[in-house]
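> Sharing start.pdb below, PDB, C-alpha atoms:
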```pdb
ATOM      1  CA  MET W   1      49.694  60.401  64.941
ATOM      2  CA  ALA W   2      46.084  60.165  66.061
ATOM      3  CA  ALA W   3      42.672  60.334  64.484
ATOM      4  CA  THR W   4      41.763  63.861  63.444
ATOM      5  CA  ALA W   5      38.517  65.419  64.617
ATOM      6  CA  ARG W   6      37.199  65.302  61.059
ATOM      7  CA  SER W   7      38.098  61.644  60.446
ATOM      8  CA  GLN W   8      36.577  60.746  63.840
ATOM      9  CA  HIS W   9      33.359  62.575  62.947
ATOM     10  CA  ASP W  10      33.181  60.968  59.483
ATOM     11  CA  MET W  11      33.744  57.501  60.945
ATOM     12  CA  GLN W  12      31.126  58.004  63.656
ATOM     13  CA  GLN W  13      28.602  59.182  61.051
ATOM     14  CA  LYS W  14      29.378  56.224  58.783
ATOM     15  CA  CYS W  15      28.980  53.791  61.685
ATOM     16  CA  LYS W  16      25.657  55.261  62.763
ATOM     17  CA  GLU W  17      24.369  54.926  59.199
ATOM     18  CA  GLY W  18      25.693  51.366  59.034
ATOM     19  CA  LEU W  19      23.924  50.467  62.264
ATOM     20  CA  ALA W  20      20.562  51.241  60.691
ATOM     21  CA  LYS W  21      21.168  48.452  58.145
ATOM     22  CA  ALA W  22      23.300  45.976  60.140
ATOM     23  CA  THR W  23      21.769  42.597  60.975
ATOM     24  CA  ASP W  24      24.831  40.591  62.027
ATOM     25  CA  PRO W  25      25.227  40.837  65.852
ATOM     26  CA  LEU W  26      29.048  41.052  65.784
ATOM     27  CA  GLU W  27      28.943  43.773  63.116
ATOM     28  CA  LYS W  28      26.354  45.661  65.181
ATOM     29  CA  LEU W  29      28.601  45.543  68.249
ATOM     30  CA  ARG W  30      31.612  46.635  66.157
ATOM     31  CA  LEU W  31      29.688  49.601  64.714
ATOM     32  CA  GLN W  32      28.381  50.583  68.152
ATOM     33  CA  CYS W  33      31.977  50.662  69.438
ATOM     34  CA  LEU W  34      33.290  52.684  66.491
ATOM     35  CA  SER W  35      30.381  55.117  66.642
ATOM     36  CA  ARG W  36      31.958  56.261  69.926
ATOM     37  CA  GLY W  37      35.232  57.123  68.172
ATOM     38  CA  ALA W  38      38.642  55.542  67.596
ATOM     39  CA  ASN W  39      38.876  54.352  71.209
ATOM     40  CA  GLY W  40      35.425  52.742  71.221
ATOM     41  CA  ILE W  41      36.773  49.186  70.996
ATOM     42  CA  GLN W  42      39.252  50.012  73.732
ATOM     43  CA  GLY W  43      36.311  51.091  75.898
ATOM     44  CA  LEU W  44      34.679  47.683  75.549
ATOM     45  CA  ALA W  45      38.017  45.968  76.188
ATOM     46  CA  ARG W  46      38.368  47.943  79.435
ATOM     47  CA  GLN W  47      34.879  46.888  80.483
ATOM     48  CA  PHE W  48      35.777  43.219  80.102
ATOM     49  CA  LYS W  49      39.077  43.658  81.940
ATOM     50  CA  ILE W  50      37.165  45.045  84.925
ATOM     51  CA  ILE W  51      34.989  41.918  84.975
ATOM     52  CA  ASP W  52      37.942  39.536  84.518
ATOM     53  CA  ASP W  53      38.976  39.674  88.185
ATOM     54  CA  ASP W  54      41.338  36.680  88.075
ATOM     55  CA  GLY W  55      43.170  37.921  84.958
ATOM     56  CA  SER W  56      42.451  34.682  83.081
ATOM     57  CA  LYS W  57      41.655  36.623  79.878
ATOM     58  CA  SER W  58      38.589  34.460  79.361
ATOM     59  CA  LEU W  59      34.896  35.111  79.996
ATOM     60  CA  ASP W  60      31.876  32.875  80.433
ATOM     61  CA  ILE W  61      28.500  33.836  78.950
ATOM     62  CA  LYS W  62      27.351  35.522  82.171
ATOM     63  CA  GLU W  63      30.475  37.725  82.345
ATOM     64  CA  PHE W  64      30.321  38.466  78.622
ATOM     65  CA  THR W  65      26.668  39.522  78.880
ATOM     66  CA  LYS W  66      27.421  41.767  81.859
ATOM     67  CA  GLY W  67      30.339  43.392  80.003
ATOM     68  CA  CYS W  68      28.158  44.173  76.991
ATOM     69  CA  HIS W  69      25.411  45.628  79.186
ATOM     70  CA  ASP W  70      27.834  47.705  81.294
ATOM     71  CA  PHE W  71      29.311  49.114  78.087
ATOM     72  CA  GLY W  72      25.813  50.091  76.975
ATOM     73  CA  ALA W  73      25.696  47.826  73.924
ATOM     74  CA  ASP W  74      22.275  47.875  72.272
ATOM     75  CA  LEU W  75      21.955  44.132  71.737
ATOM     76  CA  THR W  76      19.347  41.566  72.681
ATOM     77  CA  LYS W  77      20.166  38.623  74.925
ATOM     78  CA  ASP W  78      19.950  36.345  71.871
ATOM     79  CA  GLU W  79      22.347  38.546  69.844
ATOM     80  CA  ILE W  80      24.887  38.528  72.682
ATOM     81  CA  LYS W  81      24.698  34.725  72.833
ATOM     82  CA  GLN W  82      25.155  34.496  69.046
ATOM     83  CA  ILE W  83      28.378  36.532  69.309
ATOM     84  CA  PHE W  84      29.585  34.415  72.231
ATOM     85  CA  ASP W  85      28.897  31.121  70.432
ATOM     86  CA  ARG W  86      30.628  32.343  67.269
ATOM     87  CA  ILE W  87      33.855  33.159  69.135
ATOM     88  CA  ASP W  88      33.638  30.094  71.395
ATOM     89  CA  ARG W  89      34.326  27.778  68.460
ATOM     90  CA  ASP W  90      35.239  24.744  70.555
ATOM     91  CA  GLY W  91      32.073  25.024  72.657
ATOM     92  CA  SER W  92      34.046  25.171  75.900
ATOM     93  CA  GLY W  93      31.671  27.730  77.415
ATOM     94  CA  SER W  94      34.558  30.158  77.742
ATOM     95  CA  LEU W  95      35.411  33.003  75.371
ATOM     96  CA  ASP W  96      39.077  33.860  74.802
ATOM     97  CA  PHE W  97      39.447  37.592  75.334
ATOM     98  CA  ASP W  98      42.146  38.169  72.698
ATOM     99  CA  GLU W  99      40.302  36.126  70.070
ATOM    100  CA  PHE W 100      37.168  38.153  70.716
ATOM    101  CA  LEU W 101      38.985  41.484  70.280
ATOM    102  CA  GLU W 102      40.609  40.202  67.100
ATOM    103  CA  SER W 103      37.167  39.338  65.716
ATOM    104  CA  LEU W 104      35.677  42.649  66.855
ATOM    105  CA  ARG W 105      38.318  44.912  65.300
ATOM    106  CA  PRO W 106      37.384  46.186  61.837
ATOM    107  CA  PRO W 107      38.956  44.009  59.139
ATOM    108  CA  MET W 108      42.417  45.322  58.226
ATOM    109  CA  SER W 109      44.831  44.235  55.537
ATOM    110  CA  ARG W 110      48.053  42.566  56.641
ATOM    111  CA  ALA W 111      49.914  45.636  55.371
ATOM    112  CA  ARG W 112      47.986  47.925  57.753
ATOM    113  CA  VAL W 113      48.509  45.613  60.721
ATOM    114  CA  ASN W 114      52.230  45.445  59.930
ATOM    115  CA  LEU W 115      52.448  49.254  59.892
ATOM    116  CA  ILE W 116      50.710  49.488  63.270
ATOM    117  CA  ASN W 117      53.050  46.860  64.734
ATOM    118  CA  GLN W 118      56.083  48.691  63.330
ATOM    119  CA  ALA W 119      54.893  51.960  64.861
ATOM    120  CA  PHE W 120      54.474  50.287  68.252
ATOM    121  CA  GLN W 121      57.990  48.869  68.076
ATOM    122  CA  VAL W 122      59.386  52.316  67.252
ATOM    123  CA  LEU W 123      57.712  53.833  70.323
ATOM    124  CA  ASP W 124      58.471  50.928  72.676
ATOM    125  CA  LYS W 125      62.132  51.843  73.205
ATOM    126  CA  THR W 126      62.501  49.663  76.312
ATOM    127  CA  LYS W 127      61.006  46.642  74.477
ATOM    128  CA  ASP W 128      58.893  45.678  77.478
ATOM    129  CA  GLY W 129      55.626  45.494  75.532
ATOM    130  CA  THR W 130      54.261  48.837  76.765
ATOM    131  CA  ILE W 131      54.684  52.506  75.828
ATOM    132  CA  THR W 132      55.270  54.942  78.702
ATOM    133  CA  THR W 133      56.555  58.497  79.034
ATOM    134  CA  GLU W 134      60.069  57.030  79.410
ATOM    135  CA  ASP W 135      59.815  55.492  75.944
ATOM    136  CA  LEU W 136      58.638  58.763  74.429
ATOM    137  CA  LYS W 137      61.628  60.746  75.679
ATOM    138  CA  GLY W 138      63.805  59.486  72.867
ATOM    139  CA  THR W 139      61.069  59.257  70.251
ATOM    140  CA  TYR W 140      58.516  62.048  70.479
ATOM    141  CA  ASN W 141      60.008  65.538  70.060
ATOM    142  CA  CYS W 142      57.678  68.038  71.701
ATOM    143  CA  LYS W 143      60.004  71.050  71.469
ATOM    144  CA  MET W 144      57.856  72.539  68.704
ATOM    145  CA  HIS W 145      54.560  71.767  70.442
ATOM    146  CA  PRO W 146      52.658  75.091  70.854
ATOM    147  CA  LYS W 147      51.846  74.382  74.510
ATOM    148  CA  PHE W 148      55.500  73.595  75.251
ATOM    149  CA  ILE W 149      56.700  76.744  73.502
ATOM    150  CA  ASN W 150      54.328  79.019  75.422
ATOM    151  CA  GLY W 151      55.105  77.294  78.720
ATOM    152  CA  GLU W 152      51.562  76.008  79.215
ATOM    153  CA  MET W 153      52.700  72.376  79.479
ATOM    154  CA  THR W 154      55.934  70.626  80.428
ATOM    155  CA  GLU W 155      57.501  67.891  78.295
ATOM    156  CA  GLU W 156      56.197  65.246  80.724
ATOM    157  CA  GLU W 157      52.654  66.642  80.550
ATOM    158  CA  ILE W 158      52.733  66.620  76.744
ATOM    159  CA  PHE W 159      53.906  62.985  76.773
ATOM    160  CA  LYS W 160      51.011  62.045  79.083
ATOM    161  CA  GLU W 161      48.571  63.941  76.856
ATOM    162  CA  PHE W 162      49.851  61.984  73.859
ATOM    163  CA  LEU W 163      49.431  58.613  75.605
ATOM    164  CA  LYS W 164      45.857  59.494  76.626
ATOM    165  CA  LYS W 165      44.824  59.263  72.971
ATOM    166  CA  PHE W 166      45.296  55.502  73.052
ATOM    167  CA  GLU W 167      43.395  54.916  76.292
ATOM    168  CA  GLU W 168      39.723  55.025  77.090
ATOM    169  CA  ARG W 169      38.622  58.216  78.799
ATOM    170  CA  GLY W 170      38.400  57.759  82.553
ATOM    171  CA  GLU W 171      40.777  54.782  82.476
ATOM    172  CA  ILE W 172      44.141  56.504  82.075
ATOM    173  CA  ASP W 173      47.193  54.757  83.521
ATOM    174  CA  GLY W 174      49.928  56.264  81.334
ATOM    175  CA  CYS W 175      50.928  52.829  80.070
ATOM    176  CA  VAL W 176      49.815  51.812  76.559
ATOM    177  CA  THR W 177      49.908  48.110  75.719
ATOM    178  CA  LYS W 178      50.218  46.682  72.230
ATOM    179  CA  GLU W 179      46.597  45.573  72.481
ATOM    180  CA  GLU W 180      45.465  49.129  73.288
ATOM    181  CA  PHE W 181      47.571  50.501  70.441
ATOM    182  CA  LEU W 182      46.061  48.001  67.994
ATOM    183  CA  ASN W 183      42.532  48.632  69.245
ATOM    184  CA  TYR W 184      42.980  52.378  68.773
ATOM    185  CA  TYR W 185      44.481  52.196  65.302
ATOM    186  CA  SER W 186      41.882  49.681  64.124
ATOM    187  CA  GLY W 187      39.412  52.486  64.808
ATOM    188  CA  VAL W 188      41.565  55.016  62.950
ATOM    189  CA  SER W 189      41.918  52.538  60.085
ATOM    190  CA  ALA W 190      38.138  52.229  59.834
ATOM    191  CA  SER W 191      37.935  55.973  59.180
ATOM    192  CA  ILE W 192      40.432  55.834  56.277
ATOM    193  CA  ASP W 193      39.368  54.090  53.064
ATOM    194  CA  SER W 194      42.606  54.592  51.138
ATOM    195  CA  ASP W 195      45.414  52.125  51.898
ATOM    196  CA  ALA W 196      47.908  54.558  50.368
ATOM    197  CA  TYR W 197      46.814  57.371  52.678
ATOM    198  CA  PHE W 198      46.907  55.134  55.771
ATOM    199  CA  ASP W 199      50.407  53.987  54.774
ATOM    200  CA  LEU W 200      51.584  57.573  54.260
ATOM    201  CA  MET W 201      50.057  58.757  57.539
ATOM    202  CA  MET W 202      51.691  56.008  59.610
ATOM    203  CA  ARG W 203      55.096  56.307  57.912
ATOM    204  CA  ASN W 204      55.195  60.085  58.296
ATOM    205  CA  ALA W 205      53.932  60.054  61.878
ATOM    206  CA  TYR W 206      56.351  57.414  63.151
ATOM    207  CA  LYS W 207      59.185  57.828  60.622
ATOM    208  CA  LEU W 208      58.837  54.247  59.426
ATOM    209  CA  LYS W 209      61.090  52.994  56.645
TER     210      LYS W 209
END
```
Translate the structure of the given file into structure tokens.

Amino acid sequence: MAATARSQHDMQQKCKEGLAKATDPLEKLRLQCLSRGANGIQGLARQFKIIDDDGSKSLDIKEFTKGCHDFGADLTKDEIKQIFDRIDRDGSGSLDFDEFLESLRPPMSRARVNLINQAFQVLDKTKDGTITTEDLKGTYNCKMHPKFINGEMTEEEIFKEFLKKFEERGEIDGCVTKEEFLNYYSGVSASIDSDAYFDLMMRNAYKLK
């Protein structure tokens, strides 16, 4: 259900090579995120959420610049402003958080996005817009998990381990939002060139029709 170590490594290598040639500031930021793995975009999203104290889901140029710097983005002040101005299409001086993430995610076909949304709906049993261990109880069968069989981990611990994959390291709350799920799988998608393979992987993993 998650990115394999090999696909993660291949994607990170590809992104590092791409960075050497990238000139577009938004593409550079995207590649820098993905070079950290499938949850790289989620890491940047978390950084901005920390700065967005009032929960308005919008950032001014000062907050946006701070978020990029705190994340460790290797961008000049001018490149950061270029990204900000591109997303702030109406010139309001405020960047919509969701619109920014949508622009930052690697381009995905509608078919891939639909598969990701379907998978989220399958896992979100309570239909409250988040995936928790409660949702997984009726969806994710861990009885054959090696660590469950040998008694190393309980069912609850395995559920929590599964949810960690979709969250940025160090920022684990055991509650995966649709945004986090999309951010994660946009990274996985970037590591898979074949639409057919991505389709097969998602359908098999989540038993999609």
> Tell me, in Å to one decimal, how far atom CA of W:Lys143 is from atom CA of W:Met202.
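These two atoms are separated by 20.9 Å.
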> Here's the selection I'm unsure about, the PyMOL selection byres ((chain W and resi 25) around 8); applied to the file above, which residues does it give, as a list in words?
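Checking the PyMOL selection byres ((chain W and resi 25) around 8) against this file, the residues are Ala22, Thr23, Asp24, Leu26, Glu27, Lys28, Leu29, Leu75, Glu79, Ile80, Gln82 and Ile83 of chain W.
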> Can you translate the PyMOL selection byres ((chain W and resi 151-167) around 12) into the concrete residues it hits in this file, as number ranges by chain?
W: 1-4, 37-46, 120, 123, 130-150, 168-188
> Could you save those same residues with C-alpha atoms as an mmCIF file, in the coordinates of the input?

```
data_model
loop_
_atom_site.group_PDB
_atom_site.id
_atom_site.type_symbol
_atom_site.label_atom_id
_atom_site.label_comp_id
_atom_site.auth_asym_id
_atom_site.auth_seq_id
_atom_site.Cartn_x
_atom_site.Cartn_y
_atom_site.Cartn_z
ATOM 1 C CA MET W 1 49.694 60.401 64.941
ATOM 2 C CA ALA W 2 46.084 60.165 66.061
ATOM 3 C CA ALA W 3 42.672 60.334 64.484
ATOM 4 C CA THR W 4 41.763 63.861 63.444
ATOM 5 C CA GLY W 37 35.232 57.123 68.172
ATOM 6 C CA ALA W 38 38.642 55.542 67.596
ATOM 7 C CA ASN W 39 38.876 54.352 71.209
ATOM 8 C CA GLY W 40 35.425 52.742 71.221
ATOM 9 C CA ILE W 41 36.773 49.186 70.996
ATOM 10 C CA GLN W 42 39.252 50.012 73.732
ATOM 11 C CA GLY W 43 36.311 51.091 75.898
ATOM 12 C CA LEU W 44 34.679 47.683 75.549
ATOM 13 C CA ALA W 45 38.017 45.968 76.188
ATOM 14 C CA ARG W 46 38.368 47.943 79.435
ATOM 15 C CA PHE W 120 54.474 50.287 68.252
ATOM 16 C CA LEU W 123 57.712 53.833 70.323
ATOM 17 C CA THR W 130 54.261 48.837 76.765
ATOM 18 C CA ILE W 131 54.684 52.506 75.828
ATOM 19 C CA THR W 132 55.270 54.942 78.702
ATOM 20 C CA THR W 133 56.555 58.497 79.034
ATOM 21 C CA GLU W 134 60.069 57.030 79.410
ATOM 22 C CA ASP W 135 59.815 55.492 75.944
ATOM 23 C CA LEU W 136 58.638 58.763 74.429
ATOM 24 C CA LYS W 137 61.628 60.746 75.679
ATOM 25 C CA GLY W 138 63.805 59.486 72.867
ATOM 26 C CA THR W 139 61.069 59.257 70.251
ATOM 27 C CA TYR W 140 58.516 62.048 70.479
ATOM 28 C CA ASN W 141 60.008 65.538 70.060
ATOM 29 C CA CYS W 142 57.678 68.038 71.701
ATOM 30 C CA LYS W 143 60.004 71.050 71.469
ATOM 31 C CA MET W 144 57.856 72.539 68.704
ATOM 32 C CA HIS W 145 54.560 71.767 70.442
ATOM 33 C CA PRO W 146 52.658 75.091 70.854
ATOM 34 C CA LYS W 147 51.846 74.382 74.510
ATOM 35 C CA PHE W 148 55.500 73.595 75.251
ATOM 36 C CA ILE W 149 56.700 76.744 73.502
ATOM 37 C CA ASN W 150 54.328 79.019 75.422
ATOM 38 C CA GLU W 168 39.723 55.025 77.090
ATOM 39 C CA ARG W 169 38.622 58.216 78.799
ATOM 40 C CA GLY W 170 38.400 57.759 82.553
ATOM 41 C CA GLU W 171 40.777 54.782 82.476
ATOM 42 C CA ILE W 172 44.141 56.504 82.075
ATOM 43 C CA ASP W 173 47.193 54.757 83.521
ATOM 44 C CA GLY W 174 49.928 56.264 81.334
ATOM 45 C CA CYS W 175 50.928 52.829 80.070
ATOM 46 C CA VAL W 176 49.815 51.812 76.559
ATOM 47 C CA THR W 177 49.908 48.110 75.719
ATOM 48 C CA LYS W 178 50.218 46.682 72.230
ATOM 49 C CA GLU W 179 46.597 45.573 72.481
ATOM 50 C CA GLU W 180 45.465 49.129 73.288
ATOM 51 C CA PHE W 181 47.571 50.501 70.441
ATOM 52 C CA LEU W 182 46.061 48.001 67.994
ATOM 53 C CA ASN W 183 42.532 48.632 69.245
ATOM 54 C CA TYR W 184 42.980 52.378 68.773
ATOM 55 C CA TYR W 185 44.481 52.196 65.302
ATOM 56 C CA SER W 186 41.882 49.681 64.124
ATOM 57 C CA GLY W 187 39.412 52.486 64.808
ATOM 58 C CA VAL W 188 41.565 55.016 62.950
#
```
> Apply the PyMOL selection byres ((chain W and resi 102-115) around 7) to the structure shown and report the selected residues as a ChimeraX atom specification.
/W:26,30,98-101,116-119,183,186,190,202
> For the atom pair atom CA of W:Arg86 and atom CA of W:Asp60, what is the interatomic distance in Å to one decimal place?
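Separation between atom CA of W:Arg86 and atom CA of W:Asp60: 13.2 Å.
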> In Å to one decimal, how far is atom CA of W:Ile192 from atom CA of W:Lys16?
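Answer for the atom CA of W:Lys16 to atom CA of W:Ile192 separation: 16.1 Å.
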> Please check which residues have atoms at most 9 Å from (31.7, 35.6, 80.5) in the file's coordinates, counting all atoms listed in the file, and write them as an NGL selection string.
:W and (48 or 51-52 or 58-67 or 84 or 93-95)
> Of the residues W:Lys209, W:Leu19, W:Ser56, W:Arg36, which is the one nearest to W:Asp96, using all atoms listed in the file?
W:Ser56
> Report, as AutoDock Vina command-line options, the centre and edge lengths in Å (one decimal) of the axis-aligned box enclosing every listed atom of stretch 82-96 of chain W, padded by 5 Å on each side.

```
--center_x 32.1 --center_y 30.6 --center_z 72.5 --size_x 23.9 --size_y 21.8 --size_z 20.5
```
